[in-house]
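Visitor: Sharing my_file.pdb (PDB, C-alpha atoms) below.
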```pdb
MODEL        1
ATOM      1  CA  MET S  93      71.885 -58.907 -15.206
ATOM      2  CA  LYS S  94      71.173 -56.183 -17.748
ATOM      3  CA  LYS S  95      67.569 -57.319 -17.878
ATOM      4  CA  ILE S  96      67.201 -56.978 -14.112
ATOM      5  CA  TRP S  97      68.813 -53.511 -14.250
ATOM      6  CA  ARG S  98      66.382 -52.393 -16.950
ATOM      7  CA  ILE S  99      63.394 -53.656 -14.971
ATOM      8  CA  GLY S 100      64.653 -51.776 -11.915
ATOM      9  CA  LEU S 101      65.078 -48.588 -13.937
ATOM     10  CA  LEU S 102      61.547 -48.861 -15.351
ATOM     11  CA  LEU S 103      60.084 -49.367 -11.873
ATOM     12  CA  SER S 104      61.971 -46.315 -10.600
ATOM     13  CA  LEU S 105      60.708 -44.157 -13.458
ATOM     14  CA  PHE S 106      57.118 -45.406 -12.953
ATOM     15  CA  SER S 107      57.274 -44.583  -9.242
ATOM     16  CA  LEU S 108      58.673 -41.142 -10.046
ATOM     17  CA  SER S 109      55.912 -40.428 -12.558
ATOM     18  CA  LEU S 110      53.249 -41.268  -9.960
ATOM     19  CA  GLY S 111      54.887 -38.902  -7.524
ATOM     20  CA  VAL S 112      54.833 -36.077 -10.082
ATOM     21  CA  LEU S 113      51.291 -36.652 -11.391
ATOM     22  CA  SER S 114      49.492 -37.184  -8.094
ATOM     23  CA  PRO S 115      49.876 -33.618  -6.795
ATOM     24  CA  VAL S 116      48.690 -32.254 -10.141
ATOM     25  CA  ILE S 117      45.543 -34.374 -10.075
ATOM     26  CA  SER S 118      44.906 -33.453  -6.430
ATOM     27  CA  ALA S 119      45.353 -29.732  -7.105
ATOM     28  CA  THR S 120      42.959 -29.858 -10.068
ATOM     29  CA  VAL S 121      40.202 -31.434  -7.960
ATOM     30  CA  THR S 122      40.793 -28.974  -5.101
ATOM     31  CA  ASP S 123      40.611 -25.963  -7.426
ATOM     32  CA  THR S 124      37.343 -27.196  -8.903
ATOM     33  CA  VAL S 125      35.742 -27.601  -5.462
ATOM     34  CA  TYR S 126      37.024 -24.209  -4.348
ATOM     35  CA  ALA S 127      35.582 -22.521  -7.449
ATOM     36  CA  ALA S 128      32.188 -24.123  -6.812
ATOM     37  CA  LYS S 129      32.141 -22.815  -3.244
ATOM     38  CA  LYS S 130      32.819 -19.249  -4.418
ATOM     39  CA  LYS S 131      29.640 -19.079  -6.545
ATOM     40  CA  THR S 132      27.044 -16.710  -5.032
ATOM     41  CA  LYS S 133      23.577 -15.473  -5.987
ATOM     42  CA  LYS S 134      23.534 -12.595  -8.418
ATOM     43  CA  THR S 135      22.388  -9.253  -7.049
ATOM     44  CA  PRO S 136      19.126  -8.328  -8.820
ATOM     45  CA  LYS S 137      19.390  -5.348 -11.122
ATOM     46  CA  VAL S 138      17.078  -2.405 -10.547
ATOM     47  CA  LYS S 139      15.009  -1.428 -13.578
ATOM     48  CA  LYS S 140      15.903   1.827 -15.287
ATOM     49  CA  LYS S 141      12.257   2.652 -15.920
ATOM     50  CA  ILE S 142       9.213   1.809 -13.794
ATOM     51  CA  GLN S 143       5.616   2.391 -14.847
ATOM     52  CA  ILE S 144       2.800   2.745 -12.314
ATOM     53  CA  THR S 145      -0.875   2.917 -13.247
ATOM     54  CA  ALA S 146      -3.218   4.447 -10.670
ATOM     55  CA  ILE S 147      -6.956   3.712 -10.862
ATOM     56  CA  GLY S 148      -9.677   5.159  -8.670
ATOM     57  CA  ASP S 149     -11.611   8.140  -7.416
ATOM     58  CA  SER S 150     -10.746  11.661  -6.212
ATOM     59  CA  LEU S 151      -8.023  10.352  -3.890
ATOM     60  CA  THR S 152      -6.185   8.969  -6.902
ATOM     61  CA  TYR S 153      -6.855  12.137  -8.872
ATOM     62  CA  GLY S 154      -5.303  14.117  -5.993
ATOM     63  CA  VAL S 155      -8.103  16.472  -4.873
ATOM     64  CA  GLY S 156      -6.914  18.608  -1.949
ATOM     65  CA  ASP S 157      -3.189  18.501  -2.678
ATOM     66  CA  GLY S 158      -2.259  22.190  -2.567
ATOM     67  CA  ALA S 159       1.254  21.408  -3.797
ATOM     68  CA  LYS S 160      -0.285  20.172  -7.063
ATOM     69  CA  ASN S 161       1.607  16.886  -6.980
ATOM     70  CA  HIS S 162      -1.531  14.985  -7.966
ATOM     71  CA  GLY S 163      -1.720  13.468  -4.509
ATOM     72  CA  TYR S 164      -0.098  10.125  -3.793
ATOM     73  CA  VAL S 165       0.463   9.406  -7.507
ATOM     74  CA  GLY S 166       2.920  12.260  -7.934
ATOM     75  CA  LEU S 167       4.425  11.687  -4.502
ATOM     76  CA  ILE S 168       5.110   7.973  -4.981
ATOM     77  CA  LYS S 169       6.981   8.862  -8.194
ATOM     78  CA  LYS S 170       9.169  11.325  -6.291
ATOM     79  CA  THR S 171       9.681   8.898  -3.406
ATOM     80  CA  ILE S 172      10.917   6.037  -5.609
ATOM     81  CA  GLU S 173      13.138   8.276  -7.739
ATOM     82  CA  LYS S 174      14.678   9.798  -4.611
ATOM     83  CA  LYS S 175      15.433   6.354  -3.190
ATOM     84  CA  TYR S 176      16.739   4.917  -6.470
ATOM     85  CA  LYS S 177      18.643   7.639  -8.309
ATOM     86  CA  SER S 178      19.031   5.680 -11.548
ATOM     87  CA  VAL S 179      15.306   4.960 -11.880
ATOM     88  CA  THR S 180      12.787   6.967 -13.883
ATOM     89  CA  VAL S 181       9.170   6.502 -12.789
ATOM     90  CA  VAL S 182       6.348   7.045 -15.261
ATOM     91  CA  THR S 183       2.829   7.322 -13.824
ATOM     92  CA  HIS S 184      -0.588   7.048 -15.467
ATOM     93  CA  ASN S 185      -3.383   8.608 -13.409
ATOM     94  CA  TYR S 186      -6.912   7.293 -14.008
ATOM     95  CA  GLY S 187      -8.533   8.858 -10.975
ATOM     96  CA  VAL S 188     -11.947  10.495 -11.459
ATOM     97  CA  SER S 189     -13.566  12.563  -8.701
ATOM     98  CA  GLY S 190     -16.894  11.263  -7.472
ATOM     99  CA  ASP S 191     -16.578   7.799  -8.978
ATOM    100  CA  THR S 192     -18.006   4.815  -7.133
ATOM    101  CA  SER S 193     -16.502   1.343  -7.419
ATOM    102  CA  ALA S 194     -19.135   0.494 -10.073
ATOM    103  CA  GLN S 195     -18.074   3.454 -12.210
ATOM    104  CA  ILE S 196     -14.409   2.575 -11.774
ATOM    105  CA  LEU S 197     -15.169  -0.983 -12.861
ATOM    106  CA  LYS S 198     -16.908   0.277 -15.977
ATOM    107  CA  ARG S 199     -13.917   2.472 -16.855
ATOM    108  CA  VAL S 200     -11.515  -0.457 -16.490
ATOM    109  CA  GLN S 201     -13.793  -2.507 -18.743
ATOM    110  CA  GLU S 202     -14.084   0.112 -21.484
ATOM    111  CA  ASN S 203     -11.019   2.383 -21.454
ATOM    112  CA  LYS S 204      -8.560   0.930 -23.987
ATOM    113  CA  LYS S 205      -5.763   3.347 -23.049
ATOM    114  CA  LEU S 206      -6.090   2.345 -19.404
ATOM    115  CA  GLN S 207      -5.939  -1.312 -20.372
ATOM    116  CA  GLU S 208      -2.807  -0.727 -22.449
ATOM    117  CA  ASP S 209      -1.101   1.147 -19.607
ATOM    118  CA  VAL S 210      -1.946  -1.646 -17.155
ATOM    119  CA  LYS S 211      -0.487  -4.158 -19.598
ATOM    120  CA  ASN S 212       2.843  -2.275 -19.592
ATOM    121  CA  SER S 213       2.918  -1.402 -15.889
ATOM    122  CA  ASP S 214       5.191  -2.661 -13.142
ATOM    123  CA  ALA S 215       2.612  -1.894 -10.433
ATOM    124  CA  VAL S 216      -1.056  -0.902 -10.179
ATOM    125  CA  VAL S 217      -2.404   1.230  -7.307
ATOM    126  CA  MET S 218      -6.092   1.798  -6.524
ATOM    127  CA  THR S 219      -8.399   3.836  -4.308
ATOM    128  CA  MET S 220     -12.136   3.209  -4.153
ATOM    129  CA  GLY S 221     -14.996   2.920  -1.716
ATOM    130  CA  GLY S 222     -15.171   6.439  -0.306
ATOM    131  CA  ASN S 223     -17.991   7.474  -2.616
ATOM    132  CA  ASP S 224     -19.770   4.148  -2.126
ATOM    133  CA  ILE S 225     -19.925   4.638   1.625
ATOM    134  CA  MET S 226     -20.876   8.306   1.257
ATOM    135  CA  HIS S 227     -23.907   7.323  -0.824
ATOM    136  CA  VAL S 228     -25.108   5.212   2.106
ATOM    137  CA  ILE S 229     -24.604   8.084   4.547
ATOM    138  CA  GLU S 230     -26.320  10.645   2.320
ATOM    139  CA  LYS S 231     -29.492   8.561   2.130
ATOM    140  CA  ASP S 232     -30.106   8.946   5.877
ATOM    141  CA  PRO S 233     -27.256  10.767   7.680
ATOM    142  CA  ALA S 234     -28.901  10.576  11.107
ATOM    143  CA  ASN S 235     -29.585   6.849  10.934
ATOM    144  CA  VAL S 236     -26.665   5.146   9.268
ATOM    145  CA  THR S 237     -26.773   1.452  10.105
ATOM    146  CA  THR S 238     -23.970  -1.076  10.024
ATOM    147  CA  GLN S 239     -26.246  -3.336   7.979
ATOM    148  CA  ALA S 240     -26.577  -0.742   5.202
ATOM    149  CA  VAL S 241     -22.836  -0.124   5.188
ATOM    150  CA  SER S 242     -22.075  -3.860   5.161
ATOM    151  CA  ALA S 243     -24.393  -4.419   2.201
ATOM    152  CA  GLN S 244     -22.657  -1.664   0.224
ATOM    153  CA  ALA S 245     -19.247  -3.019   1.267
ATOM    154  CA  GLN S 246     -20.179  -6.409  -0.196
ATOM    155  CA  THR S 247     -21.113  -4.763  -3.490
ATOM    156  CA  MET S 248     -17.869  -2.779  -3.536
ATOM    157  CA  GLY S 249     -15.938  -5.967  -2.798
ATOM    158  CA  GLN S 250     -17.500  -7.702  -5.799
ATOM    159  CA  ASN S 251     -16.584  -4.741  -8.016
ATOM    160  CA  LEU S 252     -13.023  -4.717  -6.705
ATOM    161  CA  ASN S 253     -12.713  -8.427  -7.361
ATOM    162  CA  GLN S 254     -13.816  -7.921 -10.967
ATOM    163  CA  ILE S 255     -11.412  -5.014 -11.431
ATOM    164  CA  ILE S 256      -8.466  -7.100 -10.236
ATOM    165  CA  SER S 257      -9.579  -9.908 -12.562
ATOM    166  CA  LEU S 258      -9.560  -7.475 -15.504
ATOM    167  CA  VAL S 259      -6.111  -6.216 -14.496
ATOM    168  CA  ARG S 260      -4.880  -9.821 -14.459
ATOM    169  CA  GLN S 261      -6.204 -10.305 -17.981
ATOM    170  CA  GLN S 262      -3.915  -7.510 -19.132
ATOM    171  CA  GLN S 263      -0.951  -8.669 -17.067
ATOM    172  CA  SER S 264      -1.022 -11.760 -14.890
ATOM    173  CA  GLU S 265       1.886 -10.921 -12.574
ATOM    174  CA  VAL S 266       1.556  -7.195 -11.927
ATOM    175  CA  PRO S 267       1.248  -6.434  -8.183
ATOM    176  CA  VAL S 268      -1.903  -4.562  -7.133
ATOM    177  CA  PHE S 269      -1.923  -2.197  -4.131
ATOM    178  CA  VAL S 270      -5.287  -1.034  -2.798
ATOM    179  CA  ILE S 271      -5.364   1.935  -0.397
ATOM    180  CA  GLY S 272      -7.924   1.600   2.390
ATOM    181  CA  LEU S 273     -10.441   4.102   3.758
ATOM    182  CA  TYR S 274     -10.130   6.555   6.642
ATOM    183  CA  ASN S 275     -12.808   8.422   8.613
ATOM    184  CA  PRO S 276     -12.761  12.134   7.667
ATOM    185  CA  PHE S 277     -15.438  12.961  10.254
ATOM    186  CA  TYR S 278     -13.776  11.592  13.383
ATOM    187  CA  VAL S 279     -12.110  14.813  14.545
ATOM    188  CA  LEU S 280     -15.351  16.779  14.087
ATOM    189  CA  VAL S 281     -17.610  14.256  15.823
ATOM    190  CA  PRO S 282     -15.664  11.478  17.587
ATOM    191  CA  THR S 283     -18.731  10.669  19.702
ATOM    192  CA  VAL S 284     -20.440   9.247  16.604
ATOM    193  CA  THR S 285     -18.827   5.822  16.593
ATOM    194  CA  THR S 286     -20.961   4.383  13.792
ATOM    195  CA  MET S 287     -18.769   5.864  11.081
ATOM    196  CA  GLN S 288     -15.549   4.581  12.613
ATOM    197  CA  THR S 289     -17.034   1.088  12.925
ATOM    198  CA  ALA S 290     -18.218   1.287   9.325
ATOM    199  CA  VAL S 291     -14.748   2.259   8.077
ATOM    200  CA  ALA S 292     -13.106  -0.555  10.059
ATOM    201  CA  ASN S 293     -15.575  -3.137   8.714
ATOM    202  CA  TRP S 294     -15.188  -1.764   5.202
ATOM    203  CA  ASN S 295     -11.411  -2.115   5.341
ATOM    204  CA  ASP S 296     -11.719  -5.660   6.691
ATOM    205  CA  ASN S 297     -13.956  -6.553   3.770
ATOM    206  CA  THR S 298     -11.407  -5.108   1.323
ATOM    207  CA  LYS S 299      -8.626  -7.137   2.964
ATOM    208  CA  ASN S 300     -10.669 -10.319   2.565
ATOM    209  CA  VAL S 301     -11.151  -9.631  -1.145
ATOM    210  CA  LEU S 302      -7.417  -9.059  -1.610
ATOM    211  CA  LYS S 303      -6.560 -12.281   0.212
ATOM    212  CA  MET S 304      -8.458 -14.169  -2.496
ATOM    213  CA  ASN S 305      -6.313 -12.574  -5.214
ATOM    214  CA  VAL S 306      -2.638 -13.316  -5.713
ATOM    215  CA  GLU S 307      -0.120 -10.488  -5.423
ATOM    216  CA  SER S 308      -2.767  -8.030  -4.219
ATOM    217  CA  TYR S 309      -2.000  -5.988  -1.122
ATOM    218  CA  PHE S 310      -3.856  -3.698   1.297
ATOM    219  CA  VAL S 311      -2.424  -0.283   2.228
ATOM    220  CA  PRO S 312      -3.763   0.939   5.618
ATOM    221  CA  VAL S 313      -4.199   4.717   6.052
ATOM    222  CA  ASP S 314      -6.888   4.891   8.759
ATOM    223  CA  SER S 315      -4.291   4.929  11.536
ATOM    224  CA  VAL S 316      -2.321   7.839  10.041
ATOM    225  CA  LEU S 317      -5.146  10.099   8.822
ATOM    226  CA  THR S 318      -8.349   9.637  10.845
ATOM    227  CA  LYS S 319      -7.422  11.045  14.259
ATOM    228  CA  GLY S 320      -5.179  13.930  13.245
ATOM    229  CA  ASP S 321      -1.911  14.808  14.971
ATOM    230  CA  LYS S 322      -0.949  14.313  18.629
ATOM    231  CA  LYS S 323      -2.136  17.788  19.644
ATOM    232  CA  THR S 324      -5.564  17.204  18.125
ATOM    233  CA  GLN S 325      -5.865  13.770  19.705
ATOM    234  CA  LYS S 326      -4.988  15.178  23.124
ATOM    235  CA  ILE S 327      -7.788  17.750  22.919
ATOM    236  CA  ILE S 328     -10.252  15.142  21.632
ATOM    237  CA  ASN S 329      -9.467  12.817  24.538
ATOM    238  CA  LYS S 330     -10.044  15.636  27.047
ATOM    239  CA  ARG S 331     -13.355  16.539  25.440
ATOM    240  CA  LEU S 332     -14.476  12.914  25.343
ATOM    241  CA  LYS S 333     -13.766  12.616  29.057
ATOM    242  CA  ALA S 334     -15.751  15.799  29.674
ATOM    243  CA  VAL S 335     -18.663  14.446  27.644
ATOM    244  CA  ALA S 336     -18.575  11.143  29.527
ATOM    245  CA  LYS S 337     -18.502  12.971  32.857
ATOM    246  CA  GLU S 338     -21.490  15.134  31.908
ATOM    247  CA  LYS S 339     -23.444  12.120  30.702
ATOM    248  CA  ALA S 340     -22.729  10.262  33.913
ATOM    249  CA  SER S 341     -24.172  13.127  35.967
ATOM    250  CA  SER S 342     -27.182  13.554  33.678
ATOM    251  CA  SER S 343     -30.522  11.816  34.203
ATOM    252  CA  THR S 344     -30.693  10.890  30.515
ATOM    253  CA  SER S 345     -28.263   8.818  28.482
ATOM    254  CA  SER S 346     -29.146  10.379  25.125
ATOM    255  CA  SER S 347     -26.081  11.306  23.066
ATOM    256  CA  SER S 348     -27.772  14.587  22.096
ATOM    257  CA  THR S 349     -27.554  15.970  25.647
ATOM    258  CA  THR S 350     -23.968  17.047  25.124
ATOM    259  CA  ASP S 351     -22.626  18.933  22.137
ATOM    260  CA  PHE S 352     -19.064  17.693  21.679
ATOM    261  CA  THR S 353     -17.993  20.768  19.717
ATOM    262  CA  ALA S 354     -19.250  23.040  22.503
ATOM    263  CA  VAL S 355     -17.408  21.287  25.319
ATOM    264  CA  THR S 356     -14.548  23.354  26.725
ATOM    265  CA  VAL S 357     -11.713  21.979  28.784
ATOM    266  CA  LYS S 358      -8.499  23.389  30.204
ATOM    267  CA  ASN S 359      -6.043  24.665  27.536
ATOM    268  CA  ASP S 360      -8.660  24.111  24.823
ATOM    269  CA  THR S 361      -9.358  27.388  23.008
ATOM    270  CA  LYS S 362     -10.912  26.051  19.813
ATOM    271  CA  LYS S 363     -14.672  25.501  19.652
ATOM    272  CA  GLU S 364     -14.426  23.399  16.519
ATOM    273  CA  LEU S 365     -11.527  21.078  15.874
ATOM    274  CA  VAL S 366     -10.263  20.310  12.377
ATOM    275  CA  ASN S 367      -8.105  17.473  11.165
ATOM    276  CA  PRO S 368      -4.692  18.971  10.233
ATOM    277  CA  TYR S 369      -4.237  16.304   7.555
ATOM    278  CA  LEU S 370      -7.399  17.171   5.634
ATOM    279  CA  TYR S 371      -8.195  19.765   2.975
ATOM    280  CA  LYS S 372      -9.680  22.853   4.675
ATOM    281  CA  LYS S 373     -12.226  23.508   1.926
ATOM    282  CA  ASP S 374     -14.073  20.218   2.348
ATOM    283  CA  HIS S 375     -12.717  18.509   5.499
ATOM    284  CA  PHE S 376     -12.853  15.290   3.519
ATOM    285  CA  HIS S 377      -9.908  14.860   1.154
ATOM    286  CA  PRO S 378      -6.300  14.849   2.394
ATOM    287  CA  ASN S 379      -4.252  18.027   2.091
ATOM    288  CA  HIS S 380      -0.623  17.853   0.950
ATOM    289  CA  THR S 381       0.548  16.667   4.384
ATOM    290  CA  GLY S 382      -2.183  14.054   4.395
ATOM    291  CA  TYR S 383      -1.141  12.761   0.996
ATOM    292  CA  VAL S 384       2.458  12.566   2.177
ATOM    293  CA  ARG S 385       1.349  10.331   5.038
ATOM    294  CA  MET S 386      -0.725   8.238   2.655
ATOM    295  CA  THR S 387       2.245   7.899   0.285
ATOM    296  CA  ASN S 388       4.522   6.810   3.122
ATOM    297  CA  GLN S 389       2.105   3.991   3.917
ATOM    298  CA  LEU S 390       1.935   2.999   0.261
ATOM    299  CA  TYR S 391       5.706   3.000  -0.134
ATOM    300  CA  GLN S 392       6.169   0.843   2.970
ATOM    301  CA  VAL S 393       3.855  -1.820   1.585
ATOM    302  CA  MET S 394       5.376  -1.592  -1.898
ATOM    303  CA  THR S 395       8.864  -1.987  -0.429
ATOM    304  CA  LYS S 396       7.867  -5.273   1.205
ATOM    305  CA  HIS S 397       7.076  -6.605  -2.258
ATOM    306  CA  LYS S 398       9.698  -4.774  -4.314
ATOM    307  CA  SER S 399      10.880  -7.999  -5.944
ATOM    308  CA  LEU S 400       7.638  -7.883  -7.936
ATOM    309  CA  TRP S 401       8.050  -4.406  -9.437
ATOM    310  CA  LEU S 402      11.534  -2.984  -8.880
ATOM    311  CA  TYR S 403      13.954  -5.540 -10.300
ATOM    312  CA  GLN S 404      14.647  -6.737 -13.812
ATOM    313  CA  LYS S 405      13.612 -10.288 -14.597
ATOM    314  CA  ASN S 406      16.440 -12.693 -15.390
TER     315      ASN S 406
ENDMDL
END
```
Could I get this file's structure written as structure tokens?

Guide:
Amino acid sequence: MKKIWRIGLLLSLFSLSLGVLSPVISATVTDTVYAAKKKTKKTPKVKKKIQITAIGDSLTYGVGDGAKNHGYVGLIKKTIEKKYKSVTVVTHNYGVSGDTSAQILKRVQENKKLQEDVKNSDAVVMTMGGNDIMHVIEKDPANVTTQAVSAQAQTMGQNLNQIISLVRQQQSEVPVFVIGLYNPFYVLVPTVTTMQTAVANWNDNTKNVLKMNVESYFVPVDSVLTKGDKKTQKIINKRLKAVAKEKASSSTSSSSTTDFTAVTVKNDTKKELVNPYLYKKDHFHPNHTGYVRMTNQLYQVMTKHKSLWLYQKN
């Protein structure tokens, strides 16, 4: 009888221990699962210091910027620092006025300081091509052909490709942003469509080169600089309509029959229009407002790829 009682007591204790342990085991498993679900991706940390190296011609140097901000180079520094208060931006400006893409290539090949700055940079920005295309125009201004421009664009594209390759040798992952061309002559002579076609083709060629290179991006500025502001565009459109009307009523279709700058239309008091975004002394380089518009375009493209230059690597 005692033996049976002892067996019954042991069974009762065993059953009780299962009842006590089971909830503990269950709770431990539940807590582990819950903790796993709470894990989230870490928010990337913004770098405290960002270095940008700018390579190019007079647009990189900042010719025409009356505010003496060194054009887009100084403005992109201010833009980033304004957006990210804890960030200090250091810029290195290797812009030289008058340089063609071939001369820029040579400088990237030979300038050791430039190479060192590229090696330590978070982003590289370039402008080139304006002087290349101007050399074509200067050879025969009255007879600029698309063939001549296309040939020069191919040469510029080869130089750009080599420059990016040299940049990659210094730093394989640095993002490269190349600012496109605009037509500084459009507002003065919008009836001469050859230049606008040349600029469009030139930019397309640059885009194709960049597509063949990883982490290389095109910055379009033609749409924000070429045609001036809304007031200017309105006057241009009226004059173009007047020119078209006069040509239609003329016995000859020659473009020289009508002087665009001499055409007067209602509410148009200016004989010669000027692009409000260009430097008054040369009507070629951007003024401060023009550089601001250029910088806005650059920042928009850079923002789309900010993971490449803004954040610390894990």

Visitor: Evaluate the PyMOL selection byres ((chain S and resi 271-273) around 8) against this structure - the residues, as a PDB file with C-alpha atoms, in the frame of the given file, please.

Guide:
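To be explicit, this is the file written out as result_31.pdb:
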```pdb
ATOM      1  CA  VAL S 217      -2.404   1.230  -7.307  1.00  0.00           C
ATOM      2  CA  MET S 218      -6.092   1.798  -6.524  1.00  0.00           C
ATOM      3  CA  THR S 219      -8.399   3.836  -4.308  1.00  0.00           C
ATOM      4  CA  MET S 220     -12.136   3.209  -4.153  1.00  0.00           C
ATOM      5  CA  GLY S 221     -14.996   2.920  -1.716  1.00  0.00           C
ATOM      6  CA  GLY S 222     -15.171   6.439  -0.306  1.00  0.00           C
ATOM      7  CA  PHE S 269      -1.923  -2.197  -4.131  1.00  0.00           C
ATOM      8  CA  VAL S 270      -5.287  -1.034  -2.798  1.00  0.00           C
ATOM      9  CA  TYR S 274     -10.130   6.555   6.642  1.00  0.00           C
ATOM     10  CA  ASN S 275     -12.808   8.422   8.613  1.00  0.00           C
ATOM     11  CA  VAL S 291     -14.748   2.259   8.077  1.00  0.00           C
ATOM     12  CA  TRP S 294     -15.188  -1.764   5.202  1.00  0.00           C
ATOM     13  CA  ASN S 295     -11.411  -2.115   5.341  1.00  0.00           C
ATOM     14  CA  THR S 298     -11.407  -5.108   1.323  1.00  0.00           C
ATOM     15  CA  PHE S 310      -3.856  -3.698   1.297  1.00  0.00           C
ATOM     16  CA  VAL S 311      -2.424  -0.283   2.228  1.00  0.00           C
ATOM     17  CA  PRO S 312      -3.763   0.939   5.618  1.00  0.00           C
ATOM     18  CA  VAL S 313      -4.199   4.717   6.052  1.00  0.00           C
ATOM     19  CA  ASP S 314      -6.888   4.891   8.759  1.00  0.00           C
ATOM     20  CA  LEU S 390       1.935   2.999   0.261  1.00  0.00           C
TER      21      LEU S 390
END
```

Visitor: Mind giving me the straight-line distance from CA of Val384 in chain S to CA of Ala146 in chain S in Å, one decimal?

Guide: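 Going from CA of Val384 in chain S over to CA of Ala146 in chain S covers 16.2 Å.
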
Visitor: Run through the PyMOL selection byres ((chain S and resi 183-188) around 8) on the given coordinates and return the selected residues as an NGL selection string.

Guide: :S and (143-154 or 165-166 or 169 or 181-182 or 189-191 or 206 or 209)

Visitor: Would you write out, as a PyMOL selection string, every residue that the PyMOL selection byres ((chain S and resi 136) around 7) captures in this file?

Guide: chain S and resi 134-135+137-138+403-404

Visitor: Suppose you want the space between CA of Thr283 in chain S and CA of Leu332 in chain S; what is it in Å?

Guide: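 Atom-to-atom, CA of Thr283 in chain S and CA of Leu332 in chain S are spaced 7.4 Å apart.
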
Visitor: Taking (-17.7, 6.1, 13.0) in the file's own coordinates, collect the residues within 12 Å, counting all atoms listed in the file, and hand them back as a PyMOL selection string.

Guide: chain S and resi 225+229+233+236-238+241+273-294+314+318-319

Visitor: May I ask for the distance between CA of Thr387 in chain S and CA of Tyr164 in chain S, given in Å to one decimal place?

Guide: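 Computed distance, CA of Thr387 in chain S to CA of Tyr164 in chain S, equals 5.2 Å.
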
Visitor: As JSON, please report the centre and edge lengths, rounded to one decimal in Å, of the axis-aligned box that holds all listed atoms of range 221-238 of chain S with 6 Å of padding on each of the six sides.

Guide:
```
{"center_x": -22.6, "center_y": 4.8, "center_z": 4.2, "size_x": 27.1, "size_y": 23.8, "size_z": 25.7}
```

Visitor: With range 212-216 of chain S as the partner and 7 Å as the cut-off, tabulate the residues of range 232-333 of chain S that qualify, each row holding the nearest pair of atoms and their distance in Å to one decimal, using all atoms listed in the file, sorted by chain and rising number, as CSV.

Guide:
```
residue,atom,partner,partner_atom,distance
S:Val266,CA,S:Ala215,CA,5.6
S:Pro267,CA,S:Ala215,CA,5.2
S:Val268,CA,S:Val216,CA,4.8
S:Phe269,CA,S:Val216,CA,6.2
```

Visitor: Can you pull out the residues contacting Thr180 in chain S? Cut-off 10 Å, using all atoms listed in the file, and skip same-chain residues under 5 positions away; I want them as a ChimeraX atom specification.

Guide: /S:139-143,169-170,172-174

Visitor: Name the closest residue to Gln244 in chain S among the candidates S:Lys204, S:Asn297, S:Leu258, S:Leu197; distances are taken between atoms, counting all atoms listed in the file.

Guide: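 Among S:Lys204, S:Asn297, S:Leu258, S:Leu197, it is S:Asn297 that comes nearest to Gln244 in chain S.
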
Visitor: Env of Leu370 in chain S: 10 Å cut, atoms = all atoms listed in the file, seq-sep filter 4 positions within chain, self excluded. Answer as a list in words.

Guide: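 Everything that qualifies: Gly156, Asp157, Pro276, Leu317, Thr318, Gly320, Val366, Asp374, His375, Phe376, His377, Pro378, Asn379, His380, Thr381, Gly382 and Tyr383 of chain S.
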